[in-house]
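Below is one structure, written out as structure tokens, with a few remarks after it.
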Amino acid sequence: MFNFFKKKNKGMEVDAVVDGDIMPITDVKDDVFSTKMLGDGFAIKPTDNQIYAPVDGTISTLFPTKHAIGIKTDNGLEILIHLGLDTVELKGAPFTVSVNQGDKVEKGQPLATMDFQMITDKGYDDSCIVVYTNMDLVKSVTPIEKGAVKHSRKVQTIEFN
């Protein structure tokens with residue numbers, strides 16, 4: 001028997017982008033993120049310098065200052081990985097990006113490294129923030145449980161409309 005009804009993708013798991021201590025996005029010390037002005041998500045205070053893809057997708061945005069990377073999933077979700085707070089002012093110095101705009105990436109693939117010692121030495125917050133920027137597609141996001149996390153471990157599930 002044929003099934004003519006296309007099964008809708010209802011959920012997606014999002015992995016940690018870096019080793020460290022995870023927190024809800026509402027705990028980020030920046031109103032743009034903590035008030036979810038850009039969207040929902042989470043943040044991680046890093047203990048390692050390697051940043052990984054939290055999902056499969058395509059690199060949709062690479063800022064010239066290397067402080068933020070955008071990934072678009074096959075189902076249209078746009079995810080922004082923001083490396084530190086106000087680190088745009090460091091003009092790319094603490095970041096080495098290993099992907100290019102338009103590249104396909106797989107969950108767990110290395111994307112960049114960040115010198116968080118340089119970031120904190122210059123007085124900036126080195127938190128890595130993951131934001132779902134087109135929340136119109138999102139029905140719900142599971143809450144974050146604070147604590148230590150390793151990269152490529154599932155930290156949040158998104159349910160789509």
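Residue numbering restarts at 1 for every chain of the structure tokens, chains are lettered A, B, ... in their displayed order, and ligands are numbered from 1 as they appear.
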
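Note that DSSP on the backbone gives alpha helix (DSSP H) to these residues of chain A: A:Asp31, A:Val32, A:Phe33, A:Ser34, A:Phe116, A:Gln117, A:Met118, A:Ile119, A:Thr120, A:Asp121.
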
>> Applying 9 Å and only C-alpha atoms, which residues near region 84-89 of chain A remain after dropping the ones on its own chain fewer than 6 positions away? List them as number ranges by chain.
In response: A: 29-30, 63, 65-68, 116, 119, 124-129

Restricting the output to N, CA, C and O atoms, write the selected residues as a PDB file, in the first residue's frame.
```pdb
ATOM      1  N   LYS A  29      24.962  37.362  29.625  1.00  0.00           N
ATOM      2  CA  LYS A  29      25.086  38.734  30.128  1.00  0.00           C
ATOM      3  C   LYS A  29      25.051  39.757  28.996  1.00  0.00           C
ATOM      4  O   LYS A  29      25.933  40.606  28.867  1.00  0.00           O
ATOM      5  N   ASP A  30      24.026  39.642  28.157  1.00  0.00           N
ATOM      6  CA  ASP A  30      23.800  40.579  27.057  1.00  0.00           C
ATOM      7  C   ASP A  30      22.313  40.535  26.751  1.00  0.00           C
ATOM      8  O   ASP A  30      21.769  39.466  26.455  1.00  0.00           O
ATOM      9  N   PHE A  63      30.796  35.973   9.194  1.00  0.00           N
ATOM     10  CA  PHE A  63      31.097  37.385   9.376  1.00  0.00           C
ATOM     11  C   PHE A  63      32.582  37.627   9.095  1.00  0.00           C
ATOM     12  O   PHE A  63      33.417  36.795   9.443  1.00  0.00           O
ATOM     13  N   THR A  65      34.583  39.414  10.575  1.00  0.00           N
ATOM     14  CA  THR A  65      35.290  39.457  11.856  1.00  0.00           C
ATOM     15  C   THR A  65      35.366  38.080  12.520  1.00  0.00           C
ATOM     16  O   THR A  65      35.888  37.965  13.626  1.00  0.00           O
ATOM     17  N   LYS A  66      34.827  37.074  11.873  1.00  0.00           N
ATOM     18  CA  LYS A  66      34.902  35.662  12.284  1.00  0.00           C
ATOM     19  C   LYS A  66      34.256  35.360  13.633  1.00  0.00           C
ATOM     20  O   LYS A  66      34.399  34.269  14.160  1.00  0.00           O
ATOM     21  N   HIS A  67      33.536  36.309  14.214  1.00  0.00           N
ATOM     22  CA  HIS A  67      32.970  36.125  15.556  1.00  0.00           C
ATOM     23  C   HIS A  67      31.620  35.412  15.527  1.00  0.00           C
ATOM     24  O   HIS A  67      31.076  35.085  16.585  1.00  0.00           O
ATOM     25  N   ALA A  68      31.071  35.173  14.330  1.00  0.00           N
ATOM     26  CA  ALA A  68      29.768  34.524  14.244  1.00  0.00           C
ATOM     27  C   ALA A  68      29.669  33.720  12.949  1.00  0.00           C
ATOM     28  O   ALA A  68      30.183  34.128  11.905  1.00  0.00           O
ATOM     29  N   PHE A 116      40.177  31.735  23.652  1.00  0.00           N
ATOM     30  CA  PHE A 116      39.390  32.362  24.708  1.00  0.00           C
ATOM     31  C   PHE A 116      40.259  33.055  25.737  1.00  0.00           C
ATOM     32  O   PHE A 116      39.815  33.973  26.411  1.00  0.00           O
ATOM     33  N   ILE A 119      40.535  36.484  24.407  1.00  0.00           N
ATOM     34  CA  ILE A 119      39.246  37.160  24.564  1.00  0.00           C
ATOM     35  C   ILE A 119      39.075  37.655  26.001  1.00  0.00           C
ATOM     36  O   ILE A 119      38.751  38.820  26.230  1.00  0.00           O
ATOM     37  N   TYR A 124      36.728  40.672  27.477  1.00  0.00           N
ATOM     38  CA  TYR A 124      35.469  40.263  26.853  1.00  0.00           C
ATOM     39  C   TYR A 124      34.988  38.936  27.430  1.00  0.00           C
ATOM     40  O   TYR A 124      35.772  38.149  27.942  1.00  0.00           O
ATOM     41  N   ASP A 125      33.687  38.683  27.310  1.00  0.00           N
ATOM     42  CA  ASP A 125      33.068  37.430  27.728  1.00  0.00           C
ATOM     43  C   ASP A 125      33.263  36.426  26.588  1.00  0.00           C
ATOM     44  O   ASP A 125      32.964  36.728  25.435  1.00  0.00           O
ATOM     45  N   ASP A 126      33.747  35.228  26.899  1.00  0.00           N
ATOM     46  CA  ASP A 126      34.038  34.223  25.864  1.00  0.00           C
ATOM     47  C   ASP A 126      32.903  33.210  25.658  1.00  0.00           C
ATOM     48  O   ASP A 126      33.088  32.202  24.982  1.00  0.00           O
ATOM     49  N   SER A 127      31.723  33.482  26.192  1.00  0.00           N
ATOM     50  CA  SER A 127      30.595  32.556  26.031  1.00  0.00           C
ATOM     51  C   SER A 127      30.282  32.321  24.556  1.00  0.00           C
ATOM     52  O   SER A 127      30.287  33.253  23.750  1.00  0.00           O
ATOM     53  N   CYS A 128      29.988  31.061  24.223  1.00  0.00           N
ATOM     54  CA  CYS A 128      29.567  30.692  22.868  1.00  0.00           C
ATOM     55  C   CYS A 128      28.046  30.553  22.899  1.00  0.00           C
ATOM     56  O   CYS A 128      27.520  29.720  23.624  1.00  0.00           O
ATOM     57  N   ILE A 129      27.378  31.369  22.096  1.00  0.00           N
ATOM     58  CA  ILE A 129      25.922  31.410  22.114  1.00  0.00           C
ATOM     59  C   ILE A 129      25.377  30.788  20.837  1.00  0.00           C
ATOM     60  O   ILE A 129      25.868  31.082  19.744  1.00  0.00           O
TER      61      ILE A 129
END
```

Please build the interface table for region 69-118 of chain A against region 46-60 of chain A with a cut-off of 9 Å, listing for each qualifying residue the nearest atom pair and the distance in Å to one decimal; count only C-alpha atoms, order rows by chain and increasing number, and write it as a tab-separated table.
```
residue	atom	partner	partner_atom	distance
A:Ile69	CA	A:Ile59	CA	7.2
A:Gly70	CA	A:Ser60	CA	5.2
A:Ile71	CA	A:Ile59	CA	4.6
A:Lys72	CA	A:Thr58	CA	5.3
A:Thr73	CA	A:Gly57	CA	4.2
A:Asp74	CA	A:Gly57	CA	6.1
A:Glu78	CA	A:Ser60	CA	8.3
A:Ile79	CA	A:Val55	CA	8.8
A:Ile81	CA	A:Ala53	CA	8.9
A:Leu83	CA	A:Ile51	CA	8.9
A:Val99	CA	A:Ile59	CA	7.7
A:Asn100	CA	A:Ile59	CA	6.8
A:Gln101	CA	A:Ile59	CA	5.0
A:Gly102	CA	A:Ile59	CA	5.1
A:Asp103	CA	A:Ile59	CA	5.4
A:Lys104	CA	A:Thr58	CA	4.4
A:Val105	CA	A:Gly57	CA	5.5
A:Glu106	CA	A:Asp56	CA	4.3
A:Lys107	CA	A:Val55	CA	4.3
A:Gly108	CA	A:Ala53	CA	5.1
A:Gln109	CA	A:Tyr52	CA	5.3
A:Pro110	CA	A:Tyr52	CA	4.3
A:Leu111	CA	A:Tyr52	CA	5.2
A:Ala112	CA	A:Ile51	CA	5.1
A:Thr113	CA	A:Gln50	CA	4.5
A:Met114	CA	A:Asn49	CA	5.1
A:Asp115	CA	A:Asn49	CA	6.2
A:Phe116	CA	A:Asn49	CA	6.7
```

> Of the candidates A:Val131, A:Val141, A:Leu62, A:Val97, which shows the shortest atom-to-atom distance to Leu38 (chain A), using only C-alpha atoms?
Replying inline: A:Val131

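As for CA of Val18 (chain A) and CA of Lys45 (chain A), they are spaced 8.5 Å apart.
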
>> Please list as number ranges by chain every residue within 9 Å of Asp136 (chain A), counting only C-alpha atoms and excluding residues in the same chain fewer than 2 positions away.
In response: A: 133-134, 138-139, 160-161

> Quick one: DSSP strand (DSSP E) residues in region 106-159 of chain A, as a PyMOL selection string?
Replying inline: chain A and resi 110-114+125-132+138-141+147-149+154-159

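Here CA of His151 (chain A) is placed at a distance of 4.9 Å from CA of Asp19 (chain A).
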